[in-house]
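Written out below as structure tokens is the structure these notes cover.
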Amino acid sequence: MQIATWNVNSIRTRQEIVINWLNNNPVDVLCLQETKVRDEQFPLAPFQEIGYHVSISGQKAYNGVAIFSRQPLQDLSMGFSPILGEDLVGDYDEQKRVISGVVDNVRIVNLYVPNGSAIDSDKYVYKLGWLDLLKQYLEKLQAEQSLEICICGDFNIALEDKDIHNPKGKAKHVMSSPPEREALSHILDLGFQDVFRKFISEEGHYSWWDYRSGGFARNRGWRIDHHYFTSNLYQQATKCWIDSEPRKLEKPSDHAPVIVEY
DNA sequence: ATGGCGAATGCAATTCGA
């Protein structure tokens with residue numbers, strides 16, 4: 001089984017690149033973030049024609065998540081509300097950042113974690129509140145079911161300094177500030193492990209490079225797209241890698257796909 | 001320290017991303 005995650009930064013703009021990538025990398029599941037399209041405008045047909053079931057949760061212009069899967073997803077759910085209830089979730093499901101389903105007895109949770117904009121901004125506060133809600137969501141999910149879980153997506157957090165090309169100033173930088181790292185660590189304490197770091201411990205491996213200032217050409221990147229597995233699934237993992245090839249194409253997403261195999 | 005680039009909206013310039 002191969003599960004990939006990829007922030008495509010607009011599925012309509014990246015349609016050909018994603019189709020070509022799937023033809024060359026026929027993964028069982030592809031989790032997408034930043035589809036940036038209303039559900040009624042999502043280009044379903046091109047992906048269905050190459051053999052994928054398409055599950056989507058989108059909105060106009062921003063955010064948006066989707067799961068492409070060879071098998072139909074079971075127990076599909078969008079947002080936090082189906083698990084946590086609307087009273088607790090409040091407005092947090094207005095931004096489409098969570099989609100989940102079961103494939104082959106593994107629950108997949110595909111996430112687009114808020115960016116946070118800048119330390120101490122309203123969006124940063126929103127990000128920390130969202131991460132607290134995610135922790136409660138996963139806790140309740142684990143209490144209600146016994147399936148192994150794969151959380152993956154764009155976390156917009158680099159947990160370790162070696163996940164950043166230049167960690168100088170990290171404490172005041174969104175994506176690497178101590179409160180964000182603590183929030184993600186508390187989530188991982190529920191029993192999740194970083195699959196990429198099972199296989200590769202060295203620095204210099206990134207999944208996102210800024211469009212500006214030649215970030216990719218200089219390999220000035222961040223590793224912020226992750227797969228976290230519960231322990232039995234983690235034990236079964238055989239591979240995890242970042243495919244930076246699509247980042248070299250014309251009009252690329254600023255993120256590269258990350259793939260796990262188990 | 002600042003801005004760089006790219007996408008969506010909607011048709012110019014602004015918002016947002018990371």
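Residue numbers start at 1 in each chain; chains themselves are named A, B, ... in the order of the structure tokens; ligands are numbered from 1 in the order shown.
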Up to 12 Å from chain B, what residues of chain A turn up? Count only C-alpha atoms (C1' of nucleotides) and give them as a compact mmCIF listing (two decimals) with N, CA, C and O atoms, in the first residue's frame.
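To be explicit, this is the file written out as out26.txt:
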# COMPACT_ATOMS: atom_id res chain seq x y z
N ASN A 7 0.41 18.98 -1.21
CA ASN A 7 -0.24 20.29 -1.29
C ASN A 7 -0.02 20.78 -2.71
O ASN A 7 1.11 21.12 -3.09
N VAL A 8 -1.10 20.81 -3.50
CA VAL A 8 -0.96 21.10 -4.93
C VAL A 8 -1.12 22.59 -5.27
O VAL A 8 -0.88 22.99 -6.40
N ASN A 9 -1.53 23.41 -4.28
CA ASN A 9 -1.72 24.85 -4.52
C ASN A 9 -2.56 25.10 -5.77
O ASN A 9 -2.08 25.66 -6.75
N SER A 10 -3.80 24.67 -5.71
CA SER A 10 -4.83 24.77 -6.75
C SER A 10 -4.85 23.53 -7.64
O SER A 10 -3.94 23.33 -8.46
N ILE A 11 -5.89 22.73 -7.51
CA ILE A 11 -6.00 21.50 -8.31
C ILE A 11 -6.30 21.83 -9.78
O ILE A 11 -5.89 21.10 -10.68
N ARG A 12 -6.97 22.97 -10.02
CA ARG A 12 -7.27 23.31 -11.42
C ARG A 12 -6.01 23.73 -12.16
O ARG A 12 -5.77 23.33 -13.30
N THR A 13 -5.17 24.52 -11.50
CA THR A 13 -3.91 24.93 -12.13
C THR A 13 -2.95 23.74 -12.27
O THR A 13 -2.16 23.69 -13.20
N ARG A 14 -3.02 22.80 -11.33
CA ARG A 14 -2.05 21.69 -11.30
C ARG A 14 -2.59 20.39 -11.90
O ARG A 14 -1.95 19.33 -11.79
N GLU A 34 -4.97 22.28 -0.27
CA GLU A 34 -5.08 23.52 -1.03
C GLU A 34 -5.58 23.28 -2.45
O GLU A 34 -4.98 23.73 -3.43
N THR A 35 -6.72 22.60 -2.53
CA THR A 35 -7.35 22.40 -3.84
C THR A 35 -7.93 23.72 -4.36
O THR A 35 -8.06 23.90 -5.57
N LYS A 36 -8.32 24.62 -3.47
CA LYS A 36 -8.74 25.98 -3.82
C LYS A 36 -9.89 26.01 -4.82
O LYS A 36 -9.86 26.83 -5.76
N VAL A 37 -10.89 25.17 -4.60
CA VAL A 37 -12.02 25.15 -5.54
C VAL A 37 -13.28 24.67 -4.82
O VAL A 37 -13.22 23.83 -3.92
N ARG A 38 -14.41 25.27 -5.21
CA ARG A 38 -15.72 24.79 -4.73
C ARG A 38 -15.93 23.36 -5.22
O ARG A 38 -15.49 23.00 -6.31
N GLN A 59 -13.85 24.74 -0.87
CA GLN A 59 -14.52 26.03 -0.73
C GLN A 59 -13.94 26.96 -1.79
O GLN A 59 -12.93 26.64 -2.42
N LYS A 60 -14.54 28.12 -1.92
CA LYS A 60 -14.08 29.10 -2.90
C LYS A 60 -12.69 29.65 -2.52
O LYS A 60 -12.48 30.05 -1.38
N ALA A 61 -11.77 29.65 -3.48
CA ALA A 61 -10.49 30.39 -3.41
C ALA A 61 -9.43 29.84 -2.46
O ALA A 61 -8.24 29.84 -2.81
N TYR A 62 -9.81 29.42 -1.26
CA TYR A 62 -8.80 29.05 -0.27
C TYR A 62 -9.01 27.62 0.25
O TYR A 62 -10.09 27.05 0.13
N ASN A 63 -7.94 27.09 0.83
CA ASN A 63 -8.02 25.81 1.55
C ASN A 63 -8.53 24.70 0.63
O ASN A 63 -8.29 24.71 -0.56
N VAL A 113 -3.26 22.00 7.83
CA VAL A 113 -3.14 22.78 9.06
C VAL A 113 -3.00 24.26 8.69
O VAL A 113 -2.28 24.59 7.74
N PRO A 114 -3.67 25.16 9.43
CA PRO A 114 -3.55 26.59 9.11
C PRO A 114 -2.09 27.05 9.10
O PRO A 114 -1.27 26.57 9.87
N ASN A 115 -1.83 28.03 8.25
CA ASN A 115 -0.47 28.57 8.12
C ASN A 115 -0.06 29.38 9.35
O ASN A 115 1.06 29.26 9.84
N GLY A 116 -0.92 30.25 9.82
CA GLY A 116 -0.60 31.04 11.01
C GLY A 116 -0.07 32.43 10.76
O GLY A 116 0.07 33.20 11.70
N SER A 117 0.28 32.71 9.50
CA SER A 117 0.68 34.06 9.07
C SER A 117 1.90 34.61 9.78
O SER A 117 2.98 34.65 9.20
N ALA A 118 1.77 35.06 11.00
CA ALA A 118 2.90 35.63 11.75
C ALA A 118 2.63 35.42 13.25
O ALA A 118 1.47 35.38 13.67
N LYS A 123 -4.34 34.99 13.04
CA LYS A 123 -4.27 33.69 12.36
C LYS A 123 -3.39 32.70 13.12
O LYS A 123 -3.62 31.48 13.08
N ASP A 154 -0.38 18.68 4.97
CA ASP A 154 0.48 19.86 5.12
C ASP A 154 0.29 20.36 6.54
O ASP A 154 -0.75 20.95 6.85
N PHE A 155 1.28 20.14 7.40
CA PHE A 155 1.16 20.52 8.81
C PHE A 155 1.59 21.96 9.07
O PHE A 155 1.33 22.49 10.16
N ASN A 156 2.27 22.56 8.13
CA ASN A 156 2.76 23.92 8.34
C ASN A 156 3.55 24.07 9.64
O ASN A 156 3.54 25.13 10.27
N ILE A 157 4.19 22.97 10.04
CA ILE A 157 5.06 22.98 11.23
C ILE A 157 6.28 22.09 10.93
O ILE A 157 6.12 20.97 10.45
N ALA A 158 7.46 22.62 11.21
CA ALA A 158 8.69 21.83 11.17
C ALA A 158 9.09 21.54 12.61
O ALA A 158 9.38 22.46 13.37
N HIS A 173 9.58 32.60 14.15
CA HIS A 173 9.06 32.33 12.81
C HIS A 173 7.87 31.38 12.90
O HIS A 173 7.94 30.36 13.58
N VAL A 174 6.81 31.75 12.17
CA VAL A 174 5.69 30.84 12.08
C VAL A 174 6.16 29.54 11.42
O VAL A 174 7.05 29.56 10.57
N MET A 175 5.64 28.42 11.88
CA MET A 175 5.96 27.05 11.45
C MET A 175 7.07 26.40 12.30
O MET A 175 7.28 25.20 12.21
N SER A 176 7.80 27.21 13.08
CA SER A 176 8.84 26.61 13.91
C SER A 176 8.87 27.21 15.32
O SER A 176 9.80 26.94 16.08
N SER A 207 10.09 19.44 1.95
CA SER A 207 8.90 19.18 1.13
C SER A 207 8.28 20.46 0.59
O SER A 207 7.35 20.42 -0.21
N TRP A 208 8.78 21.60 1.05
CA TRP A 208 8.28 22.90 0.57
C TRP A 208 9.45 23.86 0.38
O TRP A 208 10.35 23.92 1.23
N TRP A 209 9.40 24.59 -0.74
CA TRP A 209 10.40 25.62 -1.05
C TRP A 209 9.67 26.85 -1.53
O TRP A 209 8.80 26.76 -2.42
N ASP A 210 10.03 28.01 -1.00
CA ASP A 210 9.39 29.27 -1.38
C ASP A 210 9.57 29.53 -2.87
O ASP A 210 10.65 29.29 -3.43
N TYR A 211 8.51 30.01 -3.52
CA TYR A 211 8.61 30.41 -4.93
C TYR A 211 9.62 31.53 -5.12
O TYR A 211 10.21 31.69 -6.18
N ARG A 212 9.77 32.33 -4.07
CA ARG A 212 10.58 33.54 -4.19
C ARG A 212 12.06 33.27 -3.91
O ARG A 212 12.39 32.34 -3.20
N SER A 213 12.89 34.10 -4.50
CA SER A 213 14.33 34.08 -4.20
C SER A 213 15.01 32.76 -4.54
O SER A 213 15.98 32.37 -3.91
N GLY A 214 14.49 32.04 -5.51
CA GLY A 214 15.13 30.80 -5.94
C GLY A 214 15.24 29.76 -4.84
O GLY A 214 16.26 29.07 -4.72
N GLY A 215 14.22 29.64 -4.04
CA GLY A 215 14.24 28.72 -2.89
C GLY A 215 14.57 27.29 -3.26
O GLY A 215 15.37 26.64 -2.59
N GLY A 221 14.61 25.06 1.90
CA GLY A 221 13.25 24.56 2.09
C GLY A 221 12.93 24.23 3.53
O GLY A 221 13.72 24.48 4.45
N TRP A 222 11.74 23.71 3.69
CA TRP A 222 11.25 23.25 4.99
C TRP A 222 10.59 21.90 4.81
O TRP A 222 9.95 21.65 3.78
N ARG A 223 10.70 21.03 5.78
CA ARG A 223 9.94 19.76 5.76
C ARG A 223 8.72 19.95 6.64
O ARG A 223 8.80 19.88 7.87
N ILE A 224 7.59 20.21 5.99
CA ILE A 224 6.36 20.52 6.72
C ILE A 224 5.19 19.62 6.30
O ILE A 224 4.10 19.75 6.84
N LYS A 251 5.59 25.86 -13.83
CA LYS A 251 4.41 26.14 -13.01
C LYS A 251 4.15 25.04 -11.97
O LYS A 251 3.08 24.42 -11.96
N PRO A 252 5.12 24.78 -11.11
CA PRO A 252 4.93 23.72 -10.11
C PRO A 252 4.14 24.23 -8.90
O PRO A 252 4.04 25.44 -8.67
N SER A 253 3.62 23.30 -8.12
CA SER A 253 3.23 23.63 -6.74
C SER A 253 4.50 23.96 -5.97
O SER A 253 5.59 23.50 -6.33
N ASP A 254 4.38 24.76 -4.92
CA ASP A 254 5.58 25.01 -4.10
C ASP A 254 5.89 23.85 -3.15
O ASP A 254 6.95 23.84 -2.53
N HIS A 255 4.99 22.86 -3.08
CA HIS A 255 5.23 21.65 -2.28
C HIS A 255 5.52 20.45 -3.20
O HIS A 255 5.01 20.38 -4.32
Test item, strand (DSSP E or B) assignment across segment 29-254 of chain A, answer as number ranges by chain:
A: 29-33, 53-57, 65-69, 74-78, 98-103, 106-112, 148-154, 164, 192-194, 208-209, 221-222, 225-230, 239-242
What is the distance, in Å and to one decimal place, between atom CA of Pro46 of chain A and atom CA of Val18 of chain A?
10.1 Å
Determine which residues of segment 102-227 of chain A DSSP labels as alpha helix (DSSP H) from the backbone of this structure, then write them out as a ChimeraX atom specification.
/A:122-144,178-188,196-199
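As for atom CA of Leu44 of chain A and atom CA of Ile83 of chain A, they are spaced 26.9 Å apart.
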Just give me the gap between atom CA of Lys170 of chain A and atom CA of Phe196 of chain A in Å, one decimal is fine.
21.5 Å
Hey, what's within 8 Å of Arg70 of chain A if we count only C-alpha atoms (C1' of nucleotides) and toss same-chain stuff fewer than 2 positions away? As an MDAnalysis selection string, please?
chainID A and resid 28:29 51:53 68 72
Residue selection dump (C-alpha atoms) as a short mmCIF file (atom, residue, chain, number, x, y, z; two decimals), in the first residue's frame:
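What follows is the written file result_4.cif:
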data_model
loop_
_atom_site.label_atom_id
_atom_site.label_comp_id
_atom_site.auth_asym_id
_atom_site.auth_seq_id
_atom_site.Cartn_x
_atom_site.Cartn_y
_atom_site.Cartn_z
CA ASP A 28 -3.21 3.61 -3.79
CA VAL A 29 -4.17 6.85 -2.05
CA GLY A 51 -8.97 4.91 -11.95
CA TYR A 52 -9.45 6.92 -8.76
CA HIS A 53 -12.43 7.47 -6.51
CA PHE A 68 -8.06 10.13 -4.36
CA PRO A 72 -13.84 3.68 -2.47
#
